[in-house]
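Asks: Got a file for you: target_25.csv, CSV, C-alpha atoms.
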chain,number,residue,atom,x,y,z
A,1,MET,CA,-31.2,-12.6,31.8
A,2,LEU,CA,-32.5,-9.1,31.3
A,3,PHE,CA,-32.9,-6.7,34.1
A,4,LYS,CA,-34.2,-3.2,34.1
A,5,LEU,CA,-33.9,-0.7,37.0
A,6,SER,CA,-34.7,3.0,37.2
A,7,ARG,CA,-33.3,5.4,39.7
A,8,LYS,CA,-33.6,9.1,40.4
A,9,VAL,CA,-30.2,10.4,41.0
A,10,GLU,CA,-30.0,12.7,44.1
A,11,GLY,CA,-30.6,16.2,42.9
A,12,GLY,CA,-30.4,15.1,39.3
A,13,LYS,CA,-32.1,13.2,36.6
A,14,LEU,CA,-33.7,9.8,36.1
A,15,LEU,CA,-31.5,7.0,34.9
A,16,THR,CA,-32.8,3.6,33.6
A,17,VAL,CA,-30.4,0.8,33.1
A,18,ASP,CA,-31.2,-2.3,31.0
A,19,VAL,CA,-28.7,-5.0,31.8
A,20,GLU,CA,-28.2,-8.3,30.2
A,21,CYS,CA,-26.2,-10.6,32.5
A,22,ASP,CA,-25.6,-14.2,33.1
A,23,ALA,CA,-24.1,-16.0,36.0
A,24,ALA,CA,-20.6,-15.0,35.0
A,25,ALA,CA,-20.8,-11.5,33.6
A,26,ILE,CA,-22.6,-8.4,32.7
A,27,ARG,CA,-23.0,-8.9,28.9
A,28,SER,CA,-24.4,-5.6,27.9
A,29,VAL,CA,-25.8,-2.4,29.3
A,30,LYS,CA,-28.1,0.2,27.9
A,31,LEU,CA,-28.5,3.5,29.6
A,32,THR,CA,-31.5,5.7,29.0
A,33,GLY,CA,-33.0,8.7,30.8
A,34,ASP,CA,-33.3,12.5,30.9
A,35,PHE,CA,-29.7,13.1,31.7
A,36,PHE,CA,-27.2,15.0,29.5
A,37,LEU,CA,-23.9,13.7,28.1
A,38,HIS,CA,-21.5,15.9,26.3
A,39,PRO,CA,-20.6,15.0,23.6
A,40,GLU,CA,-23.7,12.9,23.1
A,41,ASP,CA,-22.1,10.2,20.9
A,42,THR,CA,-19.9,9.1,23.8
A,43,LEU,CA,-22.7,7.0,25.2
A,44,SER,CA,-22.0,4.0,23.0
A,45,SER,CA,-18.4,4.0,24.2
A,46,VAL,CA,-19.6,4.1,27.8
A,47,GLU,CA,-21.9,1.2,27.2
A,48,GLU,CA,-19.2,-0.8,25.3
A,49,SER,CA,-16.8,-0.3,28.2
A,50,LEU,CA,-19.1,-2.3,30.4
A,51,ARG,CA,-19.4,-5.3,28.1
A,52,ASP,CA,-18.4,-8.6,29.7
A,53,LEU,CA,-17.5,-7.2,33.1
A,54,PRO,CA,-17.5,-10.0,35.7
A,55,ARG,CA,-20.8,-10.2,37.6
A,56,ASN,CA,-19.0,-9.8,40.9
A,57,SER,CA,-17.1,-6.7,39.9
A,58,SER,CA,-16.9,-4.1,42.6
A,59,ALA,CA,-18.9,-0.9,42.2
A,60,LEU,CA,-15.6,0.9,42.1
A,61,LEU,CA,-14.4,-1.1,39.1
A,62,VAL,CA,-17.6,-0.5,37.2
A,63,GLU,CA,-17.3,3.2,38.0
A,64,GLN,CA,-13.7,3.3,36.8
A,65,ARG,CA,-14.6,1.7,33.5
A,66,ILE,CA,-17.2,4.4,32.9
A,67,THR,CA,-14.9,7.2,34.0
A,68,GLN,CA,-12.1,5.9,31.7
A,69,ALA,CA,-14.6,5.8,28.7
A,70,LEU,CA,-15.5,9.4,29.5
A,71,ASP,CA,-11.9,10.6,29.9
A,72,ALA,CA,-10.9,8.9,26.7
A,73,ASN,CA,-13.5,11.0,24.9
A,74,GLU,CA,-13.2,14.2,27.1
A,75,ALA,CA,-16.8,13.7,27.9
A,76,GLN,CA,-19.0,14.5,30.9
A,77,PHE,CA,-22.4,13.5,32.1
A,78,ILE,CA,-24.7,16.1,33.5
A,79,GLY,CA,-27.4,15.0,35.9
A,80,VAL,CA,-26.0,11.5,36.5
A,81,ASN,CA,-22.5,10.4,37.5
A,82,PRO,CA,-20.4,7.3,37.0
A,83,ARG,CA,-20.8,6.2,40.6
A,84,ASP,CA,-24.6,6.2,40.5
A,85,ILE,CA,-24.6,4.5,37.1
A,86,ALA,CA,-22.3,1.8,38.5
A,87,ALA,CA,-24.4,1.3,41.6
A,88,THR,CA,-27.6,1.1,39.5
A,89,ILE,CA,-26.2,-1.5,37.1
A,90,LEU,CA,-25.0,-3.7,39.9
A,91,ASP,CA,-28.3,-3.4,41.8
A,92,ALA,CA,-30.1,-4.3,38.6
A,93,CYS,CA,-28.2,-7.6,38.4
A,94,LYS,CA,-29.2,-8.4,42.0
A,95,ILE,CA,-32.9,-8.1,41.3
A,96,ASP,CA,-34.7,-11.3,42.3
A,97,SER,CA,-35.6,-13.2,39.2
A,98,GLY,CA,-39.2,-13.1,40.4
A,99,ASP,CA,-39.7,-9.4,39.6
A,100,SER,CA,-38.6,-6.5,37.4
A,101,ARG,CA,-37.4,-8.8,34.6
A,102,ALA,CA,-37.5,-6.9,31.3
B,1,MET,CA,-20.8,40.9,16.6
B,2,THR,CA,-24.4,41.1,15.6
B,3,TRP,CA,-27.0,38.5,16.6
B,4,ARG,CA,-29.7,37.5,14.2
B,5,PHE,CA,-33.2,37.6,15.8
B,6,ILE,CA,-35.9,35.5,14.1
B,7,PRO,CA,-39.3,36.6,15.4
B,8,LEU,CA,-42.0,34.3,16.7
B,9,GLU,CA,-43.2,31.8,14.1
B,10,THR,CA,-45.3,28.6,14.2
B,11,ARG,CA,-44.2,25.4,12.5
B,12,ASP,CA,-44.5,21.7,13.0
B,13,ALA,CA,-42.3,19.8,15.4
B,14,PHE,CA,-40.1,18.2,12.8
B,15,THR,CA,-39.4,21.5,11.0
B,16,ASN,CA,-38.7,23.3,14.3
B,17,MET,CA,-36.0,20.7,15.2
B,18,ALA,CA,-34.7,20.7,11.7
B,19,LEU,CA,-34.3,24.5,11.7
B,20,ASP,CA,-32.3,24.3,14.9
B,21,GLU,CA,-29.9,21.8,13.2
B,22,ALA,CA,-29.8,23.7,9.9
B,23,CYS,CA,-29.0,26.9,11.7
B,24,SER,CA,-26.3,25.2,13.8
B,25,GLU,CA,-24.7,24.0,10.6
B,26,GLY,CA,-24.8,27.5,9.2
B,27,VAL,CA,-23.2,29.0,12.3
B,28,ALA,CA,-20.5,26.3,12.3
B,29,ASN,CA,-19.7,27.1,8.6
B,30,GLY,CA,-19.7,30.8,9.2
B,31,ARG,CA,-22.6,31.3,6.8
B,32,VAL,CA,-25.1,32.7,9.3
B,33,PRO,CA,-24.7,34.8,12.4
B,34,PRO,CA,-25.4,33.6,16.0
B,35,THR,CA,-29.2,33.4,16.2
B,36,ILE,CA,-32.0,33.7,18.6
B,37,ARG,CA,-35.4,32.5,17.6
B,38,PHE,CA,-38.8,32.2,19.1
B,39,TYR,CA,-41.4,29.7,17.9
B,40,GLN,CA,-44.5,27.7,18.6
B,41,TRP,CA,-45.6,24.2,17.6
B,42,LEU,CA,-48.5,23.3,15.4
B,43,PRO,CA,-49.8,20.7,15.8
B,44,SER,CA,-49.1,20.4,19.5
B,45,ALA,CA,-46.2,18.0,20.1
B,46,VAL,CA,-44.2,16.0,22.6
B,47,SER,CA,-40.4,16.2,22.3
B,48,ILE,CA,-38.2,13.7,24.1
B,49,GLY,CA,-34.6,14.0,25.1
B,50,TYR,CA,-31.9,12.4,23.0
B,51,PHE,CA,-31.2,9.7,25.6
B,52,GLN,CA,-34.8,8.8,26.5
B,53,ARG,CA,-36.5,5.6,25.5
B,54,LEU,CA,-39.6,6.7,23.5
B,55,ARG,CA,-41.9,4.1,24.9
B,56,ASP,CA,-41.0,4.8,28.5
B,57,GLU,CA,-41.7,8.5,28.2
B,58,VAL,CA,-44.6,8.9,25.8
B,59,ASN,CA,-48.1,7.5,25.6
B,60,LEU,CA,-48.0,7.0,21.9
B,61,ASP,CA,-51.6,5.9,21.6
B,62,ALA,CA,-52.8,9.0,23.4
B,63,CYS,CA,-50.7,11.2,21.2
B,64,ARG,CA,-52.0,9.6,18.1
B,65,ALA,CA,-55.6,10.0,19.3
B,66,ALA,CA,-55.1,13.6,20.1
B,67,GLY,CA,-53.2,14.5,16.9
B,68,VAL,CA,-50.1,15.3,18.9
B,69,ALA,CA,-46.8,14.9,17.0
B,70,VAL,CA,-43.9,13.1,18.7
B,71,VAL,CA,-40.2,13.9,18.0
B,72,ARG,CA,-36.8,13.1,19.5
B,73,ARG,CA,-34.6,16.1,20.1
B,74,ARG,CA,-30.8,16.3,19.5
B,75,THR,CA,-30.5,17.6,23.0
B,76,GLY,CA,-30.7,15.5,26.2
B,77,GLY,CA,-33.1,16.2,29.0
B,78,GLY,CA,-36.6,15.1,29.5
B,79,ALA,CA,-39.9,14.7,27.7
B,80,VAL,CA,-41.8,18.0,27.1
B,81,TYR,CA,-45.3,18.7,25.9
B,82,HIS,CA,-45.4,21.7,23.6
B,83,ASP,CA,-49.0,22.9,23.5
B,84,SER,CA,-49.7,25.0,20.4
B,85,SER,CA,-51.1,27.9,22.3
B,86,GLY,CA,-49.7,27.3,25.7
B,87,GLU,CA,-46.0,27.9,25.5
B,88,ILE,CA,-43.3,29.9,23.8
B,89,THR,CA,-40.1,28.1,22.8
B,90,TYR,CA,-36.8,29.7,22.1
B,91,SER,CA,-33.5,28.5,20.6
B,92,VAL,CA,-30.1,30.2,21.0
B,93,ILE,CA,-27.5,29.0,18.5
B,94,GLY,CA,-24.0,30.4,18.5
B,95,SER,CA,-20.3,29.6,18.7
B,96,GLU,CA,-19.4,27.9,22.0
B,97,LYS,CA,-16.9,30.7,22.5
B,98,LEU,CA,-19.7,33.1,23.1
B,99,PHE,CA,-20.7,31.2,26.3
B,100,PRO,CA,-19.0,30.0,29.4
B,101,ALA,CA,-17.1,26.7,29.0
B,102,ASP,CA,-18.8,25.3,32.0
B,103,ILE,CA,-22.1,23.8,30.9
B,104,ILE,CA,-24.2,24.7,34.0
B,105,ALA,CA,-22.8,28.3,33.9
B,106,SER,CA,-24.0,28.5,30.3
B,107,TYR,CA,-27.4,27.3,31.3
B,108,ARG,CA,-27.4,29.9,34.0
B,109,GLN,CA,-26.5,32.6,31.5
B,110,ILE,CA,-29.1,31.9,28.9
B,111,CYS,CA,-31.8,31.2,31.5
B,112,GLY,CA,-30.9,34.6,32.9
B,113,TRP,CA,-32.1,36.1,29.7
B,114,ILE,CA,-35.5,34.4,30.2
B,115,ALA,CA,-35.6,35.6,33.8
B,116,ASP,CA,-34.7,39.1,32.6
B,117,GLY,CA,-37.7,38.9,30.2
B,118,LEU,CA,-40.1,37.6,32.8
B,119,ALA,CA,-39.1,40.3,35.3
B,120,ARG,CA,-40.3,42.8,32.7
B,121,VAL,CA,-43.8,41.4,33.3
B,122,ASN,CA,-43.2,41.3,37.1
B,123,LEU,CA,-42.6,37.6,37.3
B,124,TYR,CA,-39.4,36.8,39.3
B,125,ALA,CA,-38.1,33.5,38.3
B,126,GLU,CA,-35.0,31.8,39.7
B,127,PHE,CA,-32.5,29.5,37.9
B,128,LYS,CA,-32.5,26.1,39.4
B,129,PRO,CA,-29.6,24.0,38.3
B,130,ILE,CA,-29.3,22.0,36.1
B,131,ASN,CA,-31.6,23.5,33.6
B,132,ASP,CA,-34.8,24.8,35.0
B,133,LEU,CA,-36.4,28.2,35.9
B,134,VAL,CA,-38.8,28.1,38.8
B,135,LEU,CA,-41.4,30.6,39.9
B,136,GLY,CA,-42.4,30.2,43.5
B,137,GLY,CA,-40.6,26.9,43.6
B,138,LYS,CA,-42.5,25.5,40.6
B,139,LYS,CA,-41.1,24.9,37.2
B,140,ILE,CA,-42.0,27.5,34.6
B,141,SER,CA,-39.2,26.8,32.0
B,142,GLY,CA,-37.2,23.7,31.0
B,143,ASN,CA,-34.1,23.9,28.8
B,144,ALA,CA,-31.7,21.6,27.0
B,145,GLN,CA,-28.4,22.2,25.4
B,146,THR,CA,-26.0,20.4,23.0
B,147,ARG,CA,-22.6,21.5,21.8
B,148,ARG,CA,-21.6,20.0,18.5
B,149,GLY,CA,-18.9,21.2,16.0
B,150,GLY,CA,-18.0,24.2,18.2
B,151,VAL,CA,-21.6,25.4,18.2
B,152,LEU,CA,-23.9,25.7,21.2
B,153,LEU,CA,-27.6,25.1,20.7
B,154,GLN,CA,-29.8,25.7,23.7
B,155,HIS,CA,-33.6,25.5,23.4
B,156,GLY,CA,-36.3,25.7,26.0
B,157,THR,CA,-39.9,26.4,26.8
B,158,ILE,CA,-41.6,29.1,28.8
B,159,LEU,CA,-45.0,27.8,29.9
B,160,TYR,CA,-47.7,30.4,29.3
B,161,GLU,CA,-50.7,28.3,30.0
B,162,VAL,CA,-50.7,24.6,30.8
B,163,ASP,CA,-53.4,22.0,30.9
B,164,VAL,CA,-51.6,19.8,33.4
B,165,ARG,CA,-54.1,16.9,33.0
B,166,LYS,CA,-53.6,16.9,29.3
B,167,MET,CA,-49.8,17.1,29.6
B,168,PHE,CA,-49.6,14.1,31.9
B,169,SER,CA,-52.1,12.1,29.8
B,170,LEU,CA,-49.6,12.3,26.9
B,171,LEU,CA,-46.4,11.7,29.0
B,172,ASN,CA,-45.6,8.7,31.2
B,173,VAL,CA,-44.2,10.4,34.3
B,174,SER,CA,-42.3,8.0,36.4
B,175,ASP,CA,-42.9,8.0,40.1
B,176,GLU,CA,-39.2,7.6,40.6
B,177,LYS,CA,-38.6,11.1,39.3
B,178,ILE,CA,-40.6,12.9,42.0
B,179,ARG,CA,-40.2,10.4,44.8
B,180,ASP,CA,-37.4,12.2,46.5
B,181,LYS,CA,-39.3,15.5,46.7
B,182,MET,CA,-42.2,13.7,48.5
B,183,ILE,CA,-44.8,15.2,46.2
B,184,ALA,CA,-47.8,13.1,45.6
B,185,SER,CA,-48.6,14.4,42.2
B,186,ALA,CA,-46.4,15.6,39.4
B,187,GLN,CA,-49.0,18.3,38.8
B,188,GLU,CA,-47.7,20.2,41.8
B,189,ARG,CA,-44.3,20.7,40.3
B,190,VAL,CA,-45.3,22.7,37.3
B,191,THR,CA,-46.8,26.2,37.0
B,192,SER,CA,-47.6,28.7,34.2
B,193,ILE,CA,-47.6,32.4,33.6
B,194,ARG,CA,-51.3,32.4,33.3
B,195,ALA,CA,-51.6,30.9,36.8
B,196,GLN,CA,-49.6,33.8,38.3
B,197,SER,CA,-50.1,36.9,36.0
B,198,ALA,CA,-52.7,38.7,33.9
B,199,ALA,CA,-50.0,39.4,31.2
B,200,SER,CA,-51.1,38.4,27.7
B,201,LYS,CA,-49.0,36.0,25.7
B,202,GLN,CA,-48.0,38.9,23.4
B,203,GLN,CA,-46.8,40.9,26.4
B,204,VAL,CA,-44.8,37.9,27.6
B,205,TYR,CA,-43.3,37.4,24.1
B,206,GLU,CA,-42.3,41.1,23.9
B,207,ALA,CA,-40.8,40.9,27.3
B,208,LEU,CA,-38.8,37.8,26.5
B,209,LEU,CA,-37.6,39.4,23.3
B,210,ALA,CA,-36.3,42.3,25.3
B,211,GLY,CA,-34.8,40.0,27.9
B,212,PHE,CA,-32.9,38.1,25.2
B,213,THR,CA,-31.8,41.0,23.1
B,214,SER,CA,-30.8,43.6,25.7
B,215,HIS,CA,-27.1,44.1,26.0
B,216,LYS,CA,-26.7,42.6,22.5
B,217,GLU,CA,-26.2,44.0,19.1
B,218,PHE,CA,-28.9,42.3,17.0
B,219,GLU,CA,-30.8,42.6,13.8
B,220,THR,CA,-34.2,41.1,13.1
B,221,GLY,CA,-33.8,38.7,10.2
B,222,THR,CA,-35.1,35.7,8.4
B,223,TRP,CA,-33.9,32.2,7.5
B,224,THR,CA,-31.7,32.0,4.5
B,225,VAL,CA,-32.9,29.9,1.5
B,226,GLU,CA,-30.1,27.5,2.2
B,227,GLU,CA,-31.3,27.0,5.8
B,228,LEU,CA,-34.9,26.4,4.8
B,229,GLN,CA,-33.8,23.9,2.1
B,230,ARG,CA,-31.5,22.1,4.5
B,231,ALA,CA,-34.2,22.1,7.2
B,232,GLU,CA,-36.6,20.4,4.8
B,233,GLN,CA,-34.0,17.7,4.1
B,234,LEU,CA,-33.3,17.2,7.8
B,235,ALA,CA,-37.0,17.0,8.7
B,236,VAL,CA,-37.4,14.2,6.2
B,237,LYS,CA,-34.1,12.4,6.7
B,238,ARG,CA,-34.0,12.7,10.5
B,239,TYR,CA,-36.8,14.1,12.5
B,240,ARG,CA,-39.7,12.5,10.8
B,241,SER,CA,-38.0,9.1,10.5
B,242,PRO,CA,-38.9,6.2,12.7
B,243,GLU,CA,-35.2,5.2,12.8
B,244,TRP,CA,-34.4,8.5,14.5
B,245,ASN,CA,-37.4,8.7,16.8
B,246,ASN,CA,-37.3,5.0,17.8
B,247,GLN,CA,-33.5,4.7,18.2
B,248,ARG,CA,-33.7,4.2,22.0
When written as structure tokens, how does the structure in this file appear?

Replies:
Amino acid sequence: MLFKLSRKVEGGKLLTVDVECDAAAIRSVKLTGDFFLHPEDTLSSVEESLRDLPRNSSALLVEQRITQALDANEAQFIGVNPRDIAATILDACKIDSGDSRA
Amino acid sequence: MTWRFIPLETRDAFTNMALDEACSEGVANGRVPPTIRFYQWLPSAVSIGYFQRLRDEVNLDACRAAGVAVVRRRTGGGAVYHDSSGEITYSVIGSEKLFPADIIASYRQICGWIADGLARVNLYAEFKPINDLVLGGKKISGNAQTRRGGVLLQHGTILYEVDVRKMFSLLNVSDEKIRDKMIASAQERVTSIRAQSAASKQQVYEALLAGFTSHKEFETGTWTVEELQRAEQLAVKRYRSPEWNNQR
């Protein structure tokens, strides 16, 4: 199932997550928005790091995956942060199947 | 070290972005000096940030109907309407070593040149992190930066005159973005020089030029033949291509 959720990060930018998940796992994530990421081409590594994460992963685990992908590439987000991204992804997966389905 | 200053010119959206990239390559290869340029967009255009989804941000039908070009930038950030006569855009392109390593500090520095310029026409703008300048709390300038191959490119707009209704007819502004400021209409967040000053666009341009070049050694220059040829290639290969613009 596909879910989409947008969130304005406190004091920062707008983040939209498109999440494909099934009962067991988050299968894929796409991040879009008006944030910055330096270097820019790290985004695919960040998105890849979230592939096949168990659906019941803690927010902390999801955040750690993102942070590890950033650290491996000496990268940084500006305007969003790993914790907000993680929370938005997990919240997207909790959306009632009656609404916000992409 | 002498900066090259390229005076105000008007080009289409794809060429404007391609020149930024061609110049960045030239700087990286040591073939051209660090460069400051000012430019306008003809036809009017919408540019979106590198990470934005085109269809979320832009009303493509409205742009097509209005003859407004649409291009994805290499820099992150948001969607911007570049009115042909309503704004002045700048780019600063130079080695990363010329700027603070901290990205927000480098935004602050370059935005400080804009503020210096605006102060010369008695407009006192403040830097608002991450990447805005505000006048009386309303946004007058948005900026976006990328660092690639050791070269920093920052470009941004200074709003001279804005038709807010037209701007927001071309952009899809999400309610999410303004919700936390409890402002009913996105129109209240943006201002222009015309709304606050009798300065002409020429006066503003000359003031900005002074703000950007004071405390610097600079020479007024032109694009090299190599840059222009490379920009033509990049405009076709990248900025005009559906693959590039539709990639997210």

Asks: Identify every residue of chain A that has at least one atom within 7 Å of any atom of chain B, counting all atoms listed in the file, and report the result as a list in words.

Replies: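 My answer is Arg7, Lys8, Leu14, Thr32, Gly33, Asp34, Phe35 and Phe36 of chain A.
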
Asks: Taking only C-alpha atoms into account, which of A:Cys21, A:Ile26, A:Leu2, A:Leu15 comes nearest Pro54 (chain A)?

Replies: A:Ile26

Asks: Compile the contact shell of Glu63 (chain A) as a PDB file with C-alpha atoms, in the coordinates of the input: residues with an atom at most 12 Å away, counting all atoms listed in the file, same-chain residues fewer than 5 positions apart removed.

Replies:
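Output below, filename result.pdb:
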ATOM      1  CA  VAL A  46     -19.600   4.100  27.800  1.00  0.00           C
ATOM      2  CA  GLU A  47     -21.900   1.200  27.200  1.00  0.00           C
ATOM      3  CA  SER A  49     -16.800  -0.300  28.200  1.00  0.00           C
ATOM      4  CA  LEU A  50     -19.100  -2.300  30.400  1.00  0.00           C
ATOM      5  CA  LEU A  53     -17.500  -7.200  33.100  1.00  0.00           C
ATOM      6  CA  SER A  57     -17.100  -6.700  39.900  1.00  0.00           C
ATOM      7  CA  SER A  58     -16.900  -4.100  42.600  1.00  0.00           C
ATOM      8  CA  GLN A  68     -12.100   5.900  31.700  1.00  0.00           C
ATOM      9  CA  ALA A  69     -14.600   5.800  28.700  1.00  0.00           C
ATOM     10  CA  LEU A  70     -15.500   9.400  29.500  1.00  0.00           C
ATOM     11  CA  ASN A  81     -22.500  10.400  37.500  1.00  0.00           C
ATOM     12  CA  PRO A  82     -20.400   7.300  37.000  1.00  0.00           C
ATOM     13  CA  ARG A  83     -20.800   6.200  40.600  1.00  0.00           C
ATOM     14  CA  ASP A  84     -24.600   6.200  40.500  1.00  0.00           C
ATOM     15  CA  ILE A  85     -24.600   4.500  37.100  1.00  0.00           C
ATOM     16  CA  ALA A  86     -22.300   1.800  38.500  1.00  0.00           C
ATOM     17  CA  ALA A  87     -24.400   1.300  41.600  1.00  0.00           C
ATOM     18  CA  THR A  88     -27.600   1.100  39.500  1.00  0.00           C
ATOM     19  CA  ILE A  89     -26.200  -1.500  37.100  1.00  0.00           C
ATOM     20  CA  LEU A  90     -25.000  -3.700  39.900  1.00  0.00           C
TER      21      LEU A  90
END

Asks: In terms of the shortest atom-to-atom distance over all atoms listed in the file, which of B:Lys128, B:Lys97, B:Arg230, B:Arg4 is closest to Gly112 (chain B)?

Replies: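 Checking each of B:Lys128, B:Lys97, B:Arg230, B:Arg4 against Gly112 (chain B), counting all atoms listed in the file, the winner is B:Lys128.
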
Asks: Expressed in Å to a single decimal, how great is the separation between CA of Ser47 (chain B) and CA of Val71 (chain B)?

Replies: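 So the answer is 4.9 Å.
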
Asks: In Å to one decimal, how far is CA of Gly211 (chain B) from CA of Cys111 (chain B)?

Replies: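 That distance, rounded to one decimal, is 10.0 Å.
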
Asks: Please report the interatomic distance between CA of Asp52 (chain A) and CA of His38 (chain A) in Å with one decimal.

Replies: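 Pair CA of Asp52 (chain A) / CA of His38 (chain A) returns 24.9 Å.
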
Asks: For each of A:Leu61, A:Gly79, A:Asn73, A:Lys13, take the minimum atom-to-atom distance to Thr42 (chain A), counting all atoms listed in the file, then give the residue where this is smallest.

Replies: A:Asn73

Asks: Go through B:Gly156, B:Gly150, B:Gly221, B:Gly136 and flag the residue nearest Pro39 (chain A), using all atoms listed in the file for the distances.

Replies: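 Looking only at the distances to Pro39 (chain A), the closest residue turns out to be B:Gly150.
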
Asks: I'd like the contact shell of Ala92 (chain A) - 9 Å cut-off, only C-alpha atoms, skipping same-chain residues fewer than 6 positions apart - returned as a VMD selection string.

Replies: chain A and resid 3 to 6 17 to 19 100

Asks: Smallest atom-to-atom distance to Phe212 (chain B): which of B:Gln233, B:Ser241, B:Ser85, B:Ser91, using all atoms listed in the file?

Replies: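 The closest residue to Phe212 (chain B) is B:Ser91.
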
Asks: Please produce region 10-22 of chain B, completed to N, CA, C and O atoms, as a PDB file, in the coordinates of the input.

Replies:
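The resulting out_21.pdb:
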ATOM      1  N   THR B  10     -44.626  29.900  13.792  1.00  0.00           N
ATOM      2  CA  THR B  10     -45.300  28.600  14.200  1.00  0.00           C
ATOM      3  C   THR B  10     -45.030  27.606  13.100  1.00  0.00           C
ATOM      4  O   THR B  10     -45.345  27.851  11.933  1.00  0.00           O
ATOM      5  N   ARG B  11     -44.446  26.483  13.504  1.00  0.00           N
ATOM      6  CA  ARG B  11     -44.200  25.400  12.500  1.00  0.00           C
ATOM      7  C   ARG B  11     -44.404  24.066  13.205  1.00  0.00           C
ATOM      8  O   ARG B  11     -44.577  23.981  14.424  1.00  0.00           O
ATOM      9  N   ASP B  12     -44.353  22.998  12.408  1.00  0.00           N
ATOM     10  CA  ASP B  12     -44.500  21.700  13.000  1.00  0.00           C
ATOM     11  C   ASP B  12     -43.263  21.252  13.728  1.00  0.00           C
ATOM     12  O   ASP B  12     -42.185  21.835  13.544  1.00  0.00           O
ATOM     13  N   ALA B  13     -43.389  20.232  14.543  1.00  0.00           N
ATOM     14  CA  ALA B  13     -42.300  19.800  15.400  1.00  0.00           C
ATOM     15  C   ALA B  13     -41.044  19.427  14.650  1.00  0.00           C
ATOM     16  O   ALA B  13     -39.920  19.771  15.050  1.00  0.00           O
ATOM     17  N   PHE B  14     -41.211  18.730  13.546  1.00  0.00           N
ATOM     18  CA  PHE B  14     -40.100  18.200  12.800  1.00  0.00           C
ATOM     19  C   PHE B  14     -39.303  19.367  12.147  1.00  0.00           C
ATOM     20  O   PHE B  14     -38.063  19.397  12.146  1.00  0.00           O
ATOM     21  N   THR B  15     -40.030  20.345  11.631  1.00  0.00           N
ATOM     22  CA  THR B  15     -39.400  21.500  11.000  1.00  0.00           C
ATOM     23  C   THR B  15     -38.709  22.358  12.096  1.00  0.00           C
ATOM     24  O   THR B  15     -37.613  22.885  11.886  1.00  0.00           O
ATOM     25  N   ASN B  16     -39.340  22.492  13.246  1.00  0.00           N
ATOM     26  CA  ASN B  16     -38.700  23.300  14.300  1.00  0.00           C
ATOM     27  C   ASN B  16     -37.365  22.679  14.706  1.00  0.00           C
ATOM     28  O   ASN B  16     -36.373  23.401  14.866  1.00  0.00           O
ATOM     29  N   MET B  17     -37.307  21.363  14.864  1.00  0.00           N
ATOM     30  CA  MET B  17     -36.000  20.700  15.200  1.00  0.00           C
ATOM     31  C   MET B  17     -35.035  20.805  14.073  1.00  0.00           C
ATOM     32  O   MET B  17     -33.839  20.993  14.276  1.00  0.00           O
ATOM     33  N   ALA B  18     -35.551  20.650  12.858  1.00  0.00           N
ATOM     34  CA  ALA B  18     -34.700  20.700  11.700  1.00  0.00           C
ATOM     35  C   ALA B  18     -34.067  22.077  11.496  1.00  0.00           C
ATOM     36  O   ALA B  18     -32.894  22.206  11.101  1.00  0.00           O
ATOM     37  N   LEU B  19     -34.830  23.110  11.791  1.00  0.00           N
ATOM     38  CA  LEU B  19     -34.300  24.500  11.700  1.00  0.00           C
ATOM     39  C   LEU B  19     -33.191  24.705  12.702  1.00  0.00           C
ATOM     40  O   LEU B  19     -32.183  25.357  12.409  1.00  0.00           O
ATOM     41  N   ASP B  20     -33.367  24.174  13.903  1.00  0.00           N
ATOM     42  CA  ASP B  20     -32.300  24.300  14.900  1.00  0.00           C
ATOM     43  C   ASP B  20     -30.996  23.667  14.358  1.00  0.00           C
ATOM     44  O   ASP B  20     -29.912  24.212  14.525  1.00  0.00           O
ATOM     45  N   GLU B  21     -31.135  22.513  13.727  1.00  0.00           N
ATOM     46  CA  GLU B  21     -29.900  21.800  13.200  1.00  0.00           C
ATOM     47  C   GLU B  21     -29.357  22.545  12.008  1.00  0.00           C
ATOM     48  O   GLU B  21     -28.137  22.726  11.901  1.00  0.00           O
ATOM     49  N   ALA B  22     -30.227  22.961  11.095  1.00  0.00           N
ATOM     50  CA  ALA B  22     -29.800  23.700   9.900  1.00  0.00           C
ATOM     51  C   ALA B  22     -29.046  24.962  10.287  1.00  0.00           C
ATOM     52  O   ALA B  22     -28.000  25.330   9.728  1.00  0.00           O
TER      53      ALA B  22
END
